[in-house]
Structure formats: C-alpha cells, structure tokens
Amino acid sequence: GENVEQHPSTLSVQEGDSAVIKCTYSDSASNYFPWYKQELGKGPQLIIDIRSNVGEKKDQRIAVTLNKTAKHFSLHITETQPEDSAVYFCAASNQAGTALIFGKGTTLSVSS
Amino acid sequence: GAGVSQSPSNKVTEKGKDVELRCDPISGHTALYWYRQSLGQGLEFLIYFQGNSAPDKSGLPSDRFSAERTGGSVSTLTIQRTQQEDSAVYLCASSSQGAHEKLFFGSGTQLSVL
C-alpha cells in the first residue's frame with residue numbers, strides 16, 4: 001500500500017526566513033497531495049493541495065512543488081511568521097482513491 | 001453548525017469498557033471520515049462513509065472498532081472492550097468534494113484508557 005515519508009520531523013527558523021518540508025510517496029498511482037496545518041488542540045486544516053498533473057502551486061506565502069518522476073513533493077513557506085508555528089502534515093491519496101495516507105508530521109517553530 | 005463538531009472533547013475510561021464517540025459533519029457534506037492520531041504520529045485512516053454507499057472499513061484495526069452513520073449525517077464510532085493502546089485522538093472529517101479532497105476536520109476526541 002501507499003507509504004508517505006516526511007522530513008524533517010522538527011524545524012526551527014527565525015521570523016522572516018523560509019521553511020521547506022519534504023515528503024516522498026511510494027504509490028506512483030497517487031494523484032492528489034494536500035498539506036494540512038495543525039495547531040495545538042485543533043484538528044488539521046487544509047492549507048494547500050496539488051494534483052499530479054500540476055508541477056507547482058502557490059497561494060500567497062505558501063507553495064507546493066511536485067516531482068512525479070522522483071515521487072516527492074515539498075511545502076515551501078516564505079517570510080515565516082510566528083503564527084506559522086504548528087505541525088504540518090503532508091498526505092497522498094491511496095491506490096483506491098478513497099482515503100489519504102498521511103506523513104508523520106513536521107513541527108515548525110518560528111521564533112521572533 | 002459552521003464546522004465539524006465532535007463530542008466529547010475528552011473521554012477517560014477504564015480498560016475493558018465500551019466508548020462511543022460522536023461526529024456531526026458540516027451540513028450537506030456527503031463524505032465522512034474517521035482518523036486516529038496517536039502521540040507523535042501521523043493520522044491513521046479508520047473508516048470512510050460516502051453517501052448511501054457501503055462504508056470503507058479497511059482501516060479499522062480490529063473487530064472491537066465499528067462505526068455507523070445515521071441518515072447520512074451524524075456518525076458514531078464505537079470501541080468495545082477498550083485497551084490502553086486505543087488511547088489516542090480520534091478525528092472526524094467531512095467533505096463535499098469527492099472522496100478524499102478538501103477534508104474539514106473536527107477538533108477531535110482525546111481518548112484515554114486507564
């Protein structure tokens with residue numbers, strides 16, 4: 001079945017710096033790759049997603065890139081702010097296309 | 001309500017007891033998921049409901065776990081004869097856009113089995 005690996009597990013940056021989180025997936029048939037942000041005590045919230053027919057997508061300070069050949073995708077956050085501090089999860093659709101397989105998460109800390 | 005509502009927010013139970021966790025999805029959302037989040041782990045898929053179709057139960061870890069969705073809206077996840085390893089946050093999500101896209105999660109139920 002699908003397996004999603006996420007790195008790093010923790011990431012500390014200074015306010016204003018960029019942050020990059022990387023994920024790899026195993027199932028070449030996966031075609032949908034969302035990123036979720038989870039703040040303490042809350043459920044995950046979708047922040048951006050990308051489909052396999054697109055190589056890059058941007059939404060203000062957030063961007064996601066996808067390399068289908070290498071089976072990896074990345075989240076890029078520019079001009080980080082303290083409110084970006086949270087746990088970020090990548091995910092990939094499973095082979096049956098009925099559920100998401102999540103990575104183990106990256107704890108991002110942005111210090112001012 | 002405006003979002004996915006889960007209750008209770010916290011549940012402490014004794015090993016061997018049964019528990020029921022409730023999820024109220026966003027009105028009109030046809031897809032409903034249950035996920036489990038253990039400490040320091042990613043989200044583990046449990047079960048998926050889509051409209052009136054038979055649920056996808058492929059993620060349920062054992063026959064002690066079951067879920068139902070009544071009237072295409074509210075869902076209940078039941079864990080029988082709870083074990084300490086069942087301790088986790090149980091998250092419910094709903095969606096209107098296809099099976100696994102644009103999930104809206106509730107805040108979860110923190111289950112602690114003593």
# chains A, B, ... in the order shown; residues from 1 in each chain; ligands from 1
>>> closest_atom_pairs(of="chain A", to="chain B", cutoff="7 Å", atoms="only C-alpha atoms", output="Markdown table")
| residue | atom | partner | partner_atom | distance |
| --- | --- | --- | --- | --- |
| A:Gly41 | CA | B:Ser107 | CA | 6.8 |
| A:Lys42 | CA | B:Ser107 | CA | 4.6 |
| A:Gly43 | CA | B:Ser107 | CA | 4.2 |
| A:Pro44 | CA | B:Phe105 | CA | 6.0 |
| A:Gln45 | CA | B:Phe104 | CA | 6.7 |
| A:Leu46 | CA | B:Lys102 | CA | 6.7 |
| A:Thr98 | CA | B:Ala99 | CA | 5.4 |
| A:Ala99 | CA | B:His100 | CA | 5.3 |
| A:Leu100 | CA | B:His100 | CA | 6.4 |
| A:Phe102 | CA | B:Leu43 | CA | 5.7 |
| A:Gly103 | CA | B:Gly42 | CA | 5.5 |
| A:Lys104 | CA | B:Gly42 | CA | 3.8 |
| A:Gly105 | CA | B:Gly42 | CA | 5.9 |
>>> residues_around(residues="A:Asn3", least_positions_apart="2", cutoff="12 Å", atoms="only C-alpha atoms", output="mmCIF file with C-alpha atoms, in the first residue's frame")
data_model
loop_
_atom_site.group_PDB
_atom_site.id
_atom_site.type_symbol
_atom_site.label_atom_id
_atom_site.label_comp_id
_atom_site.auth_asym_id
_atom_site.auth_seq_id
_atom_site.Cartn_x
_atom_site.Cartn_y
_atom_site.Cartn_z
ATOM 1 C CA GLY A 1 0.000 0.000 0.000
ATOM 2 C CA GLU A 5 7.694 9.689 4.453
ATOM 3 C CA GLN A 6 8.046 13.252 5.758
ATOM 4 C CA CYS A 23 7.664 14.275 1.537
ATOM 5 C CA THR A 24 8.098 11.156 -0.560
ATOM 6 C CA TYR A 25 5.435 8.668 -1.535
ATOM 7 C CA SER A 26 5.563 5.112 -2.788
ATOM 8 C CA ASP A 27 2.490 4.597 -4.975
ATOM 9 C CA SER A 28 3.026 6.002 -8.462
ATOM 10 C CA SER A 30 -1.309 8.578 -6.270
ATOM 11 C CA LYS A 71 7.740 10.713 -6.243
ATOM 12 C CA HIS A 72 8.334 13.583 -3.913
ATOM 13 C CA CYS A 90 1.661 16.012 4.000
ATOM 14 C CA ALA A 91 -0.591 13.355 2.533
ATOM 15 C CA ALA A 92 -1.117 11.343 -0.636
ATOM 16 C CA SER A 93 -4.188 9.655 -1.962
ATOM 17 C CA ASN A 94 -4.133 5.877 -1.679
ATOM 18 C CA GLN A 95 -4.344 3.489 -4.595
ATOM 19 C CA LEU A 100 -5.453 9.890 2.447
ATOM 20 C CA ILE A 101 -2.193 8.437 3.737
ATOM 21 C CA PHE A 102 -0.502 10.970 5.983
ATOM 22 C CA GLY A 103 3.126 11.574 6.826
ATOM 23 C CA LYS A 104 4.121 11.684 10.494
ATOM 24 C CA GLY B 42 0.544 10.957 11.661
ATOM 25 C CA GLU B 44 -4.242 6.805 10.619
#
>>> residues_around(residues="A:Val13", least_positions_apart="2", cutoff="7 Å", atoms="only C-alpha atoms", output="list in words")
Leu11, Glu15, Asp17, Ser109, Val110 and Ser111 of chain A
>>> select_by_dssp(residues="stretch 15-100 of chain B", states="strand (DSSP E)", output="MDAnalysis selection string")
chainID B and resid 19:24 31:37 43:50 65:69 75:79 88:95
>>> atom_distance(atom1="atom CA of A:Ile47", atom2="atom CA of A:Trp35")
5.9 Å
>>> closest_residue(among="B:Cys23, B:Ser7, B:Thr13, B:Val74", to="B:Ser112", atoms="only C-alpha atoms")
B:Thr13
>>> residues_around(residues="B:Glu14", least_positions_apart="6", cutoff="10 Å", atoms="only C-alpha atoms", output="list in words")
Arg81, Thr82, Gln83, Gln84, Ser112, Val113 and Leu114 of chain B
>>> atom_distance(atom1="atom CA of A:Asn67", atom2="atom CA of A:Val54")
9.3 Å
>>> atom_distance(atom1="atom CA of B:Gly16", atom2="atom CA of B:Arg69")
24.3 Å
>>> select_by_dssp(residues="chain B", states="helix (DSSP H, G or I)", output="ChimeraX atom specification")
/B:70-72,84-86
>>> residues_around(residues="B:Glu20", least_positions_apart="3", cutoff="9 Å", atoms="only C-alpha atoms", output="list in words")
Thr76, Leu77, Thr78, Ile79 and Gln80 of chain B
>>> closest_residue(among="B:Ser58, B:Asn52, B:Thr30, B:Ser66", to="B:Ser95", atoms="only C-alpha atoms")
B:Thr30
